[in-house]
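Shown below: work-v1.pdb, with PDB, C-alpha atoms.
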ATOM      1  CA  MET B 406      16.799 -45.967   0.157
ATOM      2  CA  PRO B 407      18.299 -42.832  -1.398
ATOM      3  CA  ASN B 408      15.941 -39.925  -1.934
ATOM      4  CA  PRO B 409      15.108 -39.848  -5.686
ATOM      5  CA  LEU B 410      14.940 -36.044  -5.503
ATOM      6  CA  ASP B 411      18.687 -36.023  -4.892
ATOM      7  CA  ALA B 412      19.163 -37.051  -8.532
ATOM      8  CA  LEU B 413      17.739 -33.699  -9.652
ATOM      9  CA  PRO B 414      20.298 -30.894  -9.768
ATOM     10  CA  ASN B 415      19.278 -27.500  -8.353
ATOM     11  CA  LEU B 416      15.729 -28.569  -7.453
ATOM     12  CA  PRO B 417      14.101 -25.741  -5.460
ATOM     13  CA  ARG B 418      13.410 -27.460  -2.129
ATOM     14  CA  ASP B 419      13.441 -27.128   1.632
ATOM     15  CA  THR B 420      14.009 -29.774   4.282
ATOM     16  CA  ALA B 421      10.536 -31.229   3.766
ATOM     17  CA  GLY B 422      10.682 -31.520  -0.031
ATOM     18  CA  PRO B 423      10.245 -29.485  -3.191
ATOM     19  CA  VAL B 424       8.832 -25.952  -3.098
ATOM     20  CA  PHE B 425       6.793 -24.289  -5.832
ATOM     21  CA  ALA B 426       6.088 -20.711  -6.808
ATOM     22  CA  GLU B 427       2.906 -21.371  -8.796
ATOM     23  CA  PRO B 428       0.309 -24.153  -8.992
ATOM     24  CA  TRP B 429       1.310 -25.302 -12.493
ATOM     25  CA  GLN B 430       4.761 -26.107 -11.164
ATOM     26  CA  ALA B 431       3.352 -28.548  -8.599
ATOM     27  CA  GLN B 432       1.237 -30.097 -11.362
ATOM     28  CA  ALA B 433       4.206 -30.489 -13.706
ATOM     29  CA  PHE B 434       6.248 -31.934 -10.860
ATOM     30  CA  SER B 435       3.533 -34.447  -9.960
ATOM     31  CA  LEU B 436       3.052 -35.490 -13.593
ATOM     32  CA  ALA B 437       6.716 -36.434 -13.949
ATOM     33  CA  VAL B 438       6.644 -38.357 -10.648
ATOM     34  CA  LYS B 439       3.489 -40.297 -11.586
ATOM     35  CA  LEU B 440       4.601 -41.103 -15.151
ATOM     36  CA  SER B 441       7.803 -42.491 -13.756
ATOM     37  CA  GLU B 442       6.003 -44.457 -11.012
ATOM     38  CA  GLN B 443       3.703 -45.950 -13.614
ATOM     39  CA  GLY B 444       6.698 -47.154 -15.600
ATOM     40  CA  HIS B 445       6.577 -44.857 -18.632
ATOM     41  CA  PHE B 446      10.173 -43.846 -18.024
ATOM     42  CA  THR B 447      12.700 -44.412 -15.278
ATOM     43  CA  TRP B 448      13.600 -41.697 -12.806
ATOM     44  CA  LYS B 449      17.141 -41.900 -14.110
ATOM     45  CA  GLU B 450      15.933 -41.150 -17.641
ATOM     46  CA  TRP B 451      13.921 -38.260 -16.259
ATOM     47  CA  ALA B 452      16.848 -36.800 -14.346
ATOM     48  CA  ALA B 453      19.041 -37.049 -17.451
ATOM     49  CA  THR B 454      16.456 -35.323 -19.690
ATOM     50  CA  LEU B 455      15.979 -32.550 -17.148
ATOM     51  CA  ALA B 456      19.722 -32.123 -16.667
ATOM     52  CA  ASP B 457      20.074 -31.825 -20.423
ATOM     53  CA  GLU B 458      17.446 -29.029 -20.543
ATOM     54  CA  LEU B 459      19.125 -27.188 -17.670
ATOM     55  CA  LYS B 460      22.487 -27.513 -19.372
ATOM     56  CA  SER B 461      21.112 -26.099 -22.641
ATOM     57  CA  ALA B 462      19.652 -23.171 -20.698
ATOM     58  CA  ALA B 463      22.981 -22.477 -19.026
ATOM     59  CA  GLY B 464      24.604 -22.712 -22.481
ATOM     60  CA  ARG B 465      22.251 -19.967 -23.682
ATOM     61  CA  GLY B 466      23.548 -17.804 -20.854
ATOM     62  CA  GLU B 467      20.396 -17.930 -18.714
ATOM     63  CA  PRO B 468      20.906 -17.133 -15.033
ATOM     64  CA  ASP B 469      21.138 -20.286 -12.952
ATOM     65  CA  ASP B 470      19.107 -18.884 -10.062
ATOM     66  CA  GLY B 471      16.166 -21.291 -10.152
ATOM     67  CA  THR B 472      13.613 -18.759 -11.375
ATOM     68  CA  ARG B 473      13.059 -20.642 -14.619
ATOM     69  CA  TYR B 474      13.591 -24.101 -13.200
ATOM     70  CA  TYR B 475      10.068 -25.356 -13.824
ATOM     71  CA  GLN B 476       9.940 -23.918 -17.312
ATOM     72  CA  HIS B 477      12.846 -26.208 -18.087
ATOM     73  CA  TRP B 478      11.116 -28.991 -16.181
ATOM     74  CA  LEU B 479       8.044 -28.654 -18.393
ATOM     75  CA  GLN B 480      10.146 -28.446 -21.539
ATOM     76  CA  ALA B 481      11.949 -31.649 -20.535
ATOM     77  CA  LEU B 482       8.664 -33.373 -19.705
ATOM     78  CA  GLU B 483       7.139 -32.503 -23.086
ATOM     79  CA  ARG B 484      10.267 -33.752 -24.797
ATOM     80  CA  LEU B 485      10.404 -37.053 -22.916
ATOM     81  CA  VAL B 486       6.671 -37.671 -23.366
ATOM     82  CA  ALA B 487       7.130 -37.217 -27.135
ATOM     83  CA  ALA B 488      10.302 -39.335 -27.216
ATOM     84  CA  LYS B 489       8.413 -42.164 -25.484
ATOM     85  CA  GLY B 490       5.535 -41.871 -27.953
ATOM     86  CA  LEU B 491       3.035 -40.990 -25.208
ATOM     87  CA  SER B 492       1.994 -37.861 -27.112
ATOM     88  CA  ASN B 493       3.465 -35.592 -29.782
ATOM     89  CA  PRO B 494       4.108 -31.851 -30.147
ATOM     90  CA  GLN B 495       1.206 -31.300 -32.539
ATOM     91  CA  GLU B 496      -1.282 -33.044 -30.273
ATOM     92  CA  MET B 497      -0.066 -31.023 -27.275
ATOM     93  CA  GLN B 498      -0.317 -27.760 -29.228
ATOM     94  CA  VAL B 499      -3.879 -28.502 -30.390
ATOM     95  CA  ARG B 500      -4.913 -29.460 -26.870
ATOM     96  CA  LYS B 501      -3.344 -26.304 -25.405
ATOM     97  CA  GLU B 502      -5.361 -24.145 -27.803
ATOM     98  CA  ALA B 503      -8.502 -26.089 -26.914
ATOM     99  CA  TRP B 504      -7.963 -25.255 -23.219
ATOM    100  CA  ALA B 505      -7.383 -21.560 -23.964
ATOM    101  CA  ASP B 506     -10.590 -21.590 -25.981
ATOM    102  CA  ALA B 507     -12.493 -23.324 -23.180
ATOM    103  CA  TYR B 508     -11.403 -20.605 -20.720
ATOM    104  CA  ARG B 509     -12.535 -17.870 -23.106
ATOM    105  CA  HIS B 510     -15.964 -19.420 -23.455
ATOM    106  CA  THR B 511     -16.728 -20.532 -19.911
ATOM    107  CA  PRO B 512     -18.656 -18.094 -17.716
ATOM    108  CA  HIS B 513     -16.957 -17.165 -14.447
ATOM    109  CA  GLY B 514     -17.842 -19.597 -11.700
ATOM    110  CA  LYS B 515     -18.396 -22.577 -13.980
ATOM    111  CA  PRO B 516     -15.768 -25.302 -14.124
ATOM    112  CA  VAL B 517     -13.714 -25.014 -17.310
ATOM    113  CA  GLU B 518     -14.165 -28.119 -19.421
ATOM    114  CA  LEU B 519     -13.048 -29.016 -22.901
ATOM    115  CA  GLY B 520     -15.712 -28.953 -25.560
ATOM    116  CA  THR B 521     -16.557 -32.153 -27.414
ATOM    117  CA  GLY B 522     -17.645 -30.550 -30.685
ATOM    118  CA  SER B 523     -14.299 -30.551 -32.426
ATOM    119  CA  PRO B 524     -12.725 -33.853 -33.415
ATOM    120  CA  ASP B 525      -9.215 -32.686 -32.558
ATOM    121  CA  GLN B 526     -10.293 -32.116 -28.958
ATOM    122  CA  LYS B 527     -11.157 -35.785 -28.571
ATOM    123  CA  PRO B 528      -8.600 -38.089 -27.062
ATOM    124  CA  SER B 529      -6.631 -39.811 -29.784
ATOM    125  CA  ARG B 530      -6.428 -43.543 -29.465
ATOM    126  CA  SER B 531      -3.526 -45.452 -30.874
TER     127      SER B 531
ATOM    128  CA  MET K 314      -4.388  -9.740 -19.356
ATOM    129  CA  SER K 315      -4.916  -6.806 -17.018
ATOM    130  CA  HIS K 316      -8.443  -6.082 -18.168
ATOM    131  CA  HIS K 317     -10.616  -9.170 -17.828
ATOM    132  CA  ASP K 318     -14.148  -9.581 -18.987
ATOM    133  CA  HIS K 319     -16.235 -10.291 -15.895
ATOM    134  CA  GLU K 320     -18.435 -12.679 -17.832
ATOM    135  CA  HIS K 321     -15.682 -15.100 -18.721
ATOM    136  CA  GLN K 322     -12.671 -16.670 -17.122
ATOM    137  CA  ALA K 323      -9.185 -15.327 -17.474
ATOM    138  CA  VAL K 324      -7.088 -17.458 -19.794
ATOM    139  CA  PRO K 325      -4.195 -18.777 -17.698
ATOM    140  CA  SER K 326      -0.543 -18.381 -18.594
ATOM    141  CA  ASP K 327       0.981 -20.293 -21.490
ATOM    142  CA  LEU K 328       2.850 -22.495 -18.998
ATOM    143  CA  THR K 329      -0.359 -23.383 -17.153
ATOM    144  CA  LEU K 330      -2.063 -24.237 -20.443
ATOM    145  CA  ARG K 331       0.818 -26.464 -21.491
ATOM    146  CA  VAL K 332       0.622 -28.404 -18.238
ATOM    147  CA  LYS K 333      -3.152 -28.705 -18.539
ATOM    148  CA  ALA K 334      -2.793 -29.949 -22.124
ATOM    149  CA  LEU K 335      -0.224 -32.547 -21.155
ATOM    150  CA  GLU K 336      -2.144 -33.664 -18.089
ATOM    151  CA  SER K 337      -5.500 -34.016 -19.851
ATOM    152  CA  LEU K 338      -3.966 -35.962 -22.766
ATOM    153  CA  LEU K 339      -2.109 -38.379 -20.510
ATOM    154  CA  VAL K 340      -5.132 -38.942 -18.252
ATOM    155  CA  GLU K 341      -7.435 -39.574 -21.221
ATOM    156  CA  LYS K 342      -5.033 -42.076 -22.703
ATOM    157  CA  GLY K 343      -4.969 -43.879 -19.380
ATOM    158  CA  LEU K 344      -1.212 -43.302 -19.053
ATOM    159  CA  VAL K 345      -1.520 -41.599 -15.702
ATOM    160  CA  ASP K 346      -4.171 -42.079 -13.047
ATOM    161  CA  ARG K 347      -6.212 -38.946 -12.338
ATOM    162  CA  ALA K 348      -6.912 -39.756  -8.687
ATOM    163  CA  ALA K 349      -3.288 -40.606  -7.917
ATOM    164  CA  LEU K 350      -2.155 -37.422  -9.647
ATOM    165  CA  ASP K 351      -4.658 -35.264  -7.743
ATOM    166  CA  ALA K 352      -3.602 -36.850  -4.462
ATOM    167  CA  LEU K 353       0.019 -35.940  -5.132
ATOM    168  CA  VAL K 354      -0.800 -32.363  -6.149
ATOM    169  CA  ASP K 355      -2.955 -32.000  -3.011
ATOM    170  CA  ASN K 356      -0.007 -33.173  -1.004
ATOM    171  CA  TYR K 357       1.964 -30.210  -2.314
ATOM    172  CA  GLU K 358      -0.740 -27.592  -2.012
ATOM    173  CA  HIS K 359       0.704 -26.236   1.223
ATOM    174  CA  LYS K 360       4.125 -26.085  -0.395
ATOM    175  CA  VAL K 361       3.184 -23.399  -2.891
ATOM    176  CA  GLY K 362       4.354 -20.134  -1.416
ATOM    177  CA  PRO K 363       2.341 -19.890   1.833
ATOM    178  CA  ARG K 364       5.363 -18.233   3.353
ATOM    179  CA  ASN K 365       4.997 -15.368   0.879
ATOM    180  CA  GLY K 366       1.848 -14.285   2.685
ATOM    181  CA  ALA K 367       3.429 -14.834   6.084
ATOM    182  CA  ARG K 368       6.278 -12.497   5.127
ATOM    183  CA  VAL K 369       3.790  -9.836   4.046
ATOM    184  CA  VAL K 370       1.973 -10.115   7.386
ATOM    185  CA  ALA K 371       5.182 -10.051   9.452
ATOM    186  CA  ARG K 372       6.421  -6.961   7.606
ATOM    187  CA  ALA K 373       3.117  -5.193   8.273
ATOM    188  CA  TRP K 374       3.394  -6.051  11.971
ATOM    189  CA  VAL K 375       6.869  -4.534  12.379
ATOM    190  CA  ASP K 376       6.657  -1.648   9.910
ATOM    191  CA  PRO K 377       3.670   0.708  10.365
ATOM    192  CA  ALA K 378       4.427   2.586   7.129
ATOM    193  CA  TYR K 379       4.404  -0.691   5.199
ATOM    194  CA  LYS K 380       1.151  -1.696   6.863
ATOM    195  CA  GLN K 381      -0.453   1.554   5.767
ATOM    196  CA  ARG K 382       0.688   1.024   2.170
ATOM    197  CA  LEU K 383      -0.549  -2.570   2.340
ATOM    198  CA  LEU K 384      -4.034  -1.529   3.423
ATOM    199  CA  GLU K 385      -4.173   1.271   0.856
ATOM    200  CA  ASP K 386      -2.798  -0.602  -2.171
ATOM    201  CA  ALA K 387      -2.135  -4.250  -1.402
ATOM    202  CA  THR K 388      -1.141  -5.193  -4.963
ATOM    203  CA  ALA K 389       1.699  -2.657  -4.931
ATOM    204  CA  ALA K 390       2.770  -3.351  -1.328
ATOM    205  CA  ILE K 391       2.882  -7.103  -1.903
ATOM    206  CA  GLY K 392       4.786  -6.406  -5.124
ATOM    207  CA  GLU K 393       7.407  -4.535  -3.043
ATOM    208  CA  LEU K 394       8.342  -7.892  -1.505
ATOM    209  CA  GLY K 395       8.598  -9.463  -4.944
ATOM    210  CA  TYR K 396       5.313 -11.351  -4.992
ATOM    211  CA  GLY K 397       2.700 -10.884  -7.664
ATOM    212  CA  GLY K 398      -0.088 -12.774  -9.300
ATOM    213  CA  ALA K 399       0.770 -14.156 -12.720
ATOM    214  CA  GLN K 400      -2.892 -13.755 -13.640
ATOM    215  CA  GLY K 401      -2.768 -10.037 -12.920
ATOM    216  CA  GLU K 402      -5.395 -10.173 -10.219
ATOM    217  CA  HIS K 403      -5.863  -7.244  -7.872
ATOM    218  CA  MET K 404      -5.184  -7.798  -4.166
ATOM    219  CA  VAL K 405      -6.973  -6.286  -1.195
ATOM    220  CA  VAL K 406      -5.790  -6.782   2.398
ATOM    221  CA  VAL K 407      -8.370  -6.595   5.207
ATOM    222  CA  GLU K 408      -7.220  -6.075   8.780
ATOM    223  CA  ASN K 409      -8.429  -7.998  11.816
ATOM    224  CA  THR K 410      -8.800  -6.014  15.034
ATOM    225  CA  PRO K 411     -10.224  -6.865  18.474
ATOM    226  CA  ALA K 412     -13.586  -5.591  17.144
ATOM    227  CA  VAL K 413     -13.578  -6.897  13.537
ATOM    228  CA  HIS K 414     -12.847 -10.358  12.160
ATOM    229  CA  ASN K 415     -12.518 -10.896   8.405
ATOM    230  CA  LEU K 416     -13.131 -14.115   6.499
ATOM    231  CA  ILE K 417     -12.426 -14.775   2.815
ATOM    232  CA  VAL K 418     -14.334 -17.062   0.502
ATOM    233  CA  CYS K 419     -15.073 -17.459  -3.190
ATOM    234  CA  THR K 420     -18.762 -18.265  -3.432
ATOM    235  CA  LEU K 421     -18.610 -18.925  -7.186
ATOM    236  CA  CYS K 422     -15.631 -21.224  -7.480
ATOM    237  CA  SER K 423     -12.279 -21.177  -5.762
ATOM    238  CA  CYS K 424     -10.625 -17.835  -6.523
ATOM    239  CA  TYR K 425      -7.778 -17.630  -4.070
ATOM    240  CA  PRO K 426      -4.715 -15.396  -3.622
ATOM    241  CA  TRP K 427      -2.360 -18.219  -4.481
ATOM    242  CA  SER K 428       0.632 -15.994  -5.209
ATOM    243  CA  VAL K 429       0.741 -15.318  -1.459
ATOM    244  CA  LEU K 430      -1.104 -18.344  -0.037
ATOM    245  CA  GLY K 431      -0.365 -21.217  -2.378
ATOM    246  CA  LEU K 432      -2.969 -23.601  -3.751
ATOM    247  CA  PRO K 433      -6.347 -23.477  -2.016
ATOM    248  CA  PRO K 434      -7.001 -26.217   0.548
ATOM    249  CA  VAL K 435      -9.682 -28.757  -0.338
ATOM    250  CA  TRP K 436     -12.185 -27.314   2.157
ATOM    251  CA  TYR K 437     -11.897 -23.846   0.561
ATOM    252  CA  LYS K 438     -13.131 -25.335  -2.713
ATOM    253  CA  SER K 439     -16.000 -27.274  -1.085
ATOM    254  CA  SER K 440     -19.545 -26.137  -1.771
ATOM    255  CA  ALA K 441     -20.280 -26.295   1.974
ATOM    256  CA  TYR K 442     -17.628 -23.691   2.797
ATOM    257  CA  ARG K 443     -18.512 -21.545  -0.199
ATOM    258  CA  SER K 444     -22.208 -21.315   0.613
ATOM    259  CA  ARG K 445     -22.176 -21.435   4.414
ATOM    260  CA  SER K 446     -19.440 -18.836   4.922
ATOM    261  CA  VAL K 447     -21.835 -16.169   3.727
ATOM    262  CA  ILE K 448     -24.990 -17.456   5.433
ATOM    263  CA  ASP K 449     -23.501 -18.527   8.753
ATOM    264  CA  PRO K 450     -19.894 -17.339   9.105
ATOM    265  CA  ARG K 451     -19.875 -17.711  12.897
ATOM    266  CA  GLY K 452     -21.014 -21.311  12.596
ATOM    267  CA  VAL K 453     -18.320 -22.050  10.018
ATOM    268  CA  LEU K 454     -15.683 -20.416  12.247
ATOM    269  CA  ARG K 455     -16.844 -22.522  15.233
ATOM    270  CA  GLU K 456     -16.189 -25.624  13.138
ATOM    271  CA  PHE K 457     -12.645 -24.330  12.734
ATOM    272  CA  ARG K 458     -12.598 -24.030  16.581
ATOM    273  CA  LEU K 459     -12.724 -20.264  16.455
ATOM    274  CA  ASP K 460     -15.458 -18.942  18.721
ATOM    275  CA  LEU K 461     -15.850 -15.175  18.345
ATOM    276  CA  GLY K 462     -17.621 -13.137  20.987
ATOM    277  CA  ALA K 463     -20.948 -11.512  20.143
ATOM    278  CA  GLY K 464     -19.208  -8.109  20.274
ATOM    279  CA  VAL K 465     -16.935  -8.983  17.355
ATOM    280  CA  GLU K 466     -18.205  -8.003  13.921
ATOM    281  CA  VAL K 467     -17.613 -10.659  11.230
ATOM    282  CA  ARG K 468     -17.027  -9.425   7.686
ATOM    283  CA  VAL K 469     -17.082 -11.903   4.787
ATOM    284  CA  TRP K 470     -15.234 -11.033   1.575
ATOM    285  CA  ASP K 471     -16.197 -12.763  -1.674
ATOM    286  CA  SER K 472     -13.234 -13.183  -4.031
ATOM    287  CA  THR K 473     -13.464 -13.039  -7.813
ATOM    288  CA  ALA K 474     -11.093 -13.783 -10.665
ATOM    289  CA  GLU K 475     -10.035 -10.115 -10.647
ATOM    290  CA  LEU K 476     -10.100  -9.311  -6.941
ATOM    291  CA  ARG K 477      -8.522 -11.459  -4.227
ATOM    292  CA  TYR K 478      -8.447 -10.846  -0.517
ATOM    293  CA  LEU K 479      -5.895 -11.572   2.178
ATOM    294  CA  VAL K 480      -6.560 -11.245   5.902
ATOM    295  CA  LEU K 481      -4.018  -9.350   8.007
ATOM    296  CA  PRO K 482      -4.372 -11.213  11.321
ATOM    297  CA  GLU K 483      -3.801  -9.655  14.749
ATOM    298  CA  ARG K 484      -0.275  -9.876  16.058
ATOM    299  CA  PRO K 485      -0.348 -12.233  19.037
ATOM    300  CA  ALA K 486       0.550 -11.004  22.511
ATOM    301  CA  GLY K 487       3.995 -11.873  23.820
ATOM    302  CA  THR K 488       5.820 -11.208  20.540
ATOM    303  CA  GLU K 489       6.752  -7.572  21.179
ATOM    304  CA  ASN K 490      10.489  -7.947  20.620
ATOM    305  CA  TRP K 491      10.357 -10.661  17.978
ATOM    306  CA  SER K 492      12.219 -10.386  14.700
ATOM    307  CA  GLU K 493      10.306 -10.150  11.444
ATOM    308  CA  GLU K 494      11.558 -13.599  10.476
ATOM    309  CA  ALA K 495      10.425 -15.200  13.727
ATOM    310  CA  LEU K 496       7.027 -13.537  13.393
ATOM    311  CA  ALA K 497       6.631 -14.831   9.819
ATOM    312  CA  ALA K 498       7.146 -18.372  11.099
ATOM    313  CA  LEU K 499       4.117 -17.951  13.411
ATOM    314  CA  VAL K 500       1.695 -16.890  10.665
ATOM    315  CA  THR K 501      -0.469 -19.698   9.318
ATOM    316  CA  ARG K 502      -2.373 -20.038   6.077
ATOM    317  CA  ASP K 503      -5.644 -20.451   7.959
ATOM    318  CA  ALA K 504      -5.079 -17.154   9.781
ATOM    319  CA  MET K 505      -4.626 -15.381   6.440
ATOM    320  CA  VAL K 506      -7.890 -16.880   5.123
ATOM    321  CA  GLY K 507      -9.563 -15.822   8.380
ATOM    322  CA  VAL K 508     -10.616 -19.225   9.716
ATOM    323  CA  ALA K 509      -8.096 -18.995  12.574
ATOM    324  CA  LYS K 510      -6.134 -16.520  14.667
ATOM    325  CA  VAL K 511      -2.359 -16.524  14.833
ATOM    326  CA  PRO K 512      -1.696 -18.498  18.021
ATOM    327  CA  ALA K 513       0.247 -16.808  20.797
ATOM    328  CA  PRO K 514       3.658 -18.406  21.311
ATOM    329  CA  PRO K 515       4.113 -20.595  24.395
ATOM    330  CA  LYS K 516       5.047 -18.592  27.500
ATOM    331  CA  GLY K 517       8.769 -18.016  27.764
ATOM    332  CA  ALA K 518       9.419 -18.579  24.056
ATOM    333  CA  THR K 519      11.765 -16.027  22.558
ATOM    334  CA  ALA K 520      12.976 -15.420  19.086
TER     335      ALA K 520
END
Hey, can you dump this file as structure tokens for me?
Amino acid sequence: MPNPLDALPNLPRDTAGPVFAEPWQAQAFSLAVKLSEQGHFTWKEWAATLADELKSAAGRGEPDDGTRYYQHWLQALERLVAAKGLSNPQEMQVRKEAWADAYRHTPHGKPVELGTGSPDQKPSRS
Amino acid sequence: MSHHDHEHQAVPSDLTLRVKALESLLVEKGLVDRAALDALVDNYEHKVGPRNGARVVARAWVDPAYKQRLLEDATAAIGELGYGGAQGEHMVVVENTPAVHNLIVCTLCSCYPWSVLGLPPVWYKSSAYRSRSVIDPRGVLREFRLDLGAGVEVRVWDSTAELRYLVLPERPAGTENWSEEALAALVTRDAMVGVAKVPAPPKGATA
């Protein structure tokens, strides 16, 4: 079976698999893998969306040295998630602000959790 | 971001928040399984930059001037090699010697120098490690198969969101002529947390 990672151009990796510079990158990587495994999009669709993001970045004259690879990965993931109707930009924006707010209001040492007071922090059901 | 309030948590980077937003939405909607996702992320925890720390240690072993800078201002010395914390945390490096062994912990949560060590291992985040490291460090170290003699002083360093520690382990015997790169390959994550020593290479090994 071919390695699915081979479909991803310029993926930062070593002989044992992908490498990450920061925790969020491993989380974004794992999210894409799991969404694909659970059938929300094919790996081929994912690779094409990512390649498209990387191509746009190169078109903007960004250096192709891998330093911003996972920023493009995240951008592609947000785009594909919206295109598949799994979420939408507004919902993601509201949720992001809710997390920032939760960090600001959680004492050090306590796990950061989303509040339940605001209706837009609740999961939306379709 | 450089001046955090001690009472509250530092707000992570925009990129981290975006991933958290996406992840929490997809998990809540039942589109992705939390346990399966966590298992995959755990699988990669050792892949997040542990070699950054190993390179810092190897440089300190071969370059006494660098080692001195590292012990005096670790944030700047680690920055010299191109590594820095995106959260702006301050780094302190503590040196192991034949007489002193250092151990790092975060008793409150799981503050960890991930820019040099990657994501914290599961045991680092466990309440058992967090509480027992302070009360009974020698006992904890024995569970990691590290039995320190009674003559060795054990120092435990409690990390915070603003201040993170890294252990500079002892250079093992038999590596006198080794290259910096070969030395870096010997350095383990556990040695830089202080729950292990860097093992001496097998006799006759050269690099």
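If you measure from each of K:Gly464, K:Gly507, K:Pro377, K:Pro426 to chain B using all atoms listed in the file, the closest one turns out to be K:Pro426.
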Quiz item: Where does the PyMOL selection byres ((chain B) within 7 of (chain K)) land in this file, that is, which residues does it pick, as JSON, numbers by chain?
Solution: {"B": [424, 425, 426, 427, 428, 429, 431, 432, 433, 435, 436, 439, 440, 497, 500, 501, 504, 505, 508, 509, 510, 511, 512, 513, 514, 528]}
Practice problem: Please indicate the distance in Å from CA of Lys515 (chain B) to CA of Val480 (chain K), rounded to one decimal place. | Solution: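 One can read the CA of Lys515 (chain B) to CA of Val480 (chain K) distance as 25.8 Å.
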Practice problem: Have a look at CA of Leu383 (chain K) and CA of Val465 (chain K) and let me know their distance in Å, one decimal. | Solution: 23.1 Å
Exercise. Have a look at CA of Arg451 (chain K) and CA of Val467 (chain K) and let me know their distance in Å, one decimal.
Key: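 Atom-to-atom, CA of Arg451 (chain K) and CA of Val467 (chain K) are spaced 7.6 Å apart.
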Quiz item: Within 12 Å of (1.4, -1.7, 10.8), in the coordinates the file gives, what residues turn up when you count all atoms listed in the file, written out as a PyMOL selection string?
Solution: chain K and resi 369-385+408-410+481-484
Residues from last step as file, C-alpha atoms, as a compact mmCIF listing (two decimals), in the coordinates of the input:
# COMPACT_ATOMS: atom_id res chain seq x y z
CA VAL K 369 3.79 -9.84 4.05
CA VAL K 370 1.97 -10.12 7.39
CA ALA K 371 5.18 -10.05 9.45
CA ARG K 372 6.42 -6.96 7.61
CA ALA K 373 3.12 -5.19 8.27
CA TRP K 374 3.39 -6.05 11.97
CA VAL K 375 6.87 -4.53 12.38
CA ASP K 376 6.66 -1.65 9.91
CA PRO K 377 3.67 0.71 10.36
CA ALA K 378 4.43 2.59 7.13
CA TYR K 379 4.40 -0.69 5.20
CA LYS K 380 1.15 -1.70 6.86
CA GLN K 381 -0.45 1.55 5.77
CA ARG K 382 0.69 1.02 2.17
CA LEU K 383 -0.55 -2.57 2.34
CA LEU K 384 -4.03 -1.53 3.42
CA GLU K 385 -4.17 1.27 0.86
CA GLU K 408 -7.22 -6.08 8.78
CA ASN K 409 -8.43 -8.00 11.82
CA THR K 410 -8.80 -6.01 15.03
CA LEU K 481 -4.02 -9.35 8.01
CA PRO K 482 -4.37 -11.21 11.32
CA GLU K 483 -3.80 -9.65 14.75
CA ARG K 484 -0.28 -9.88 16.06
Quiz prompt | Expected answer as number ranges by chain: all residues with atoms within 10 Å of (-5.3, -2.6, -7.0), all atoms listed in the file | solution = K: 385-390, 401-405, 475-477
Exercise. Might you spell out which residues the PyMOL selection byres ((chain B and resi 451) around 12) would select in the displayed file, as a ChimeraX atom specification?
Key: /B:409-410,412-414,434,436-442,444-450,452-458,478-486,488-489
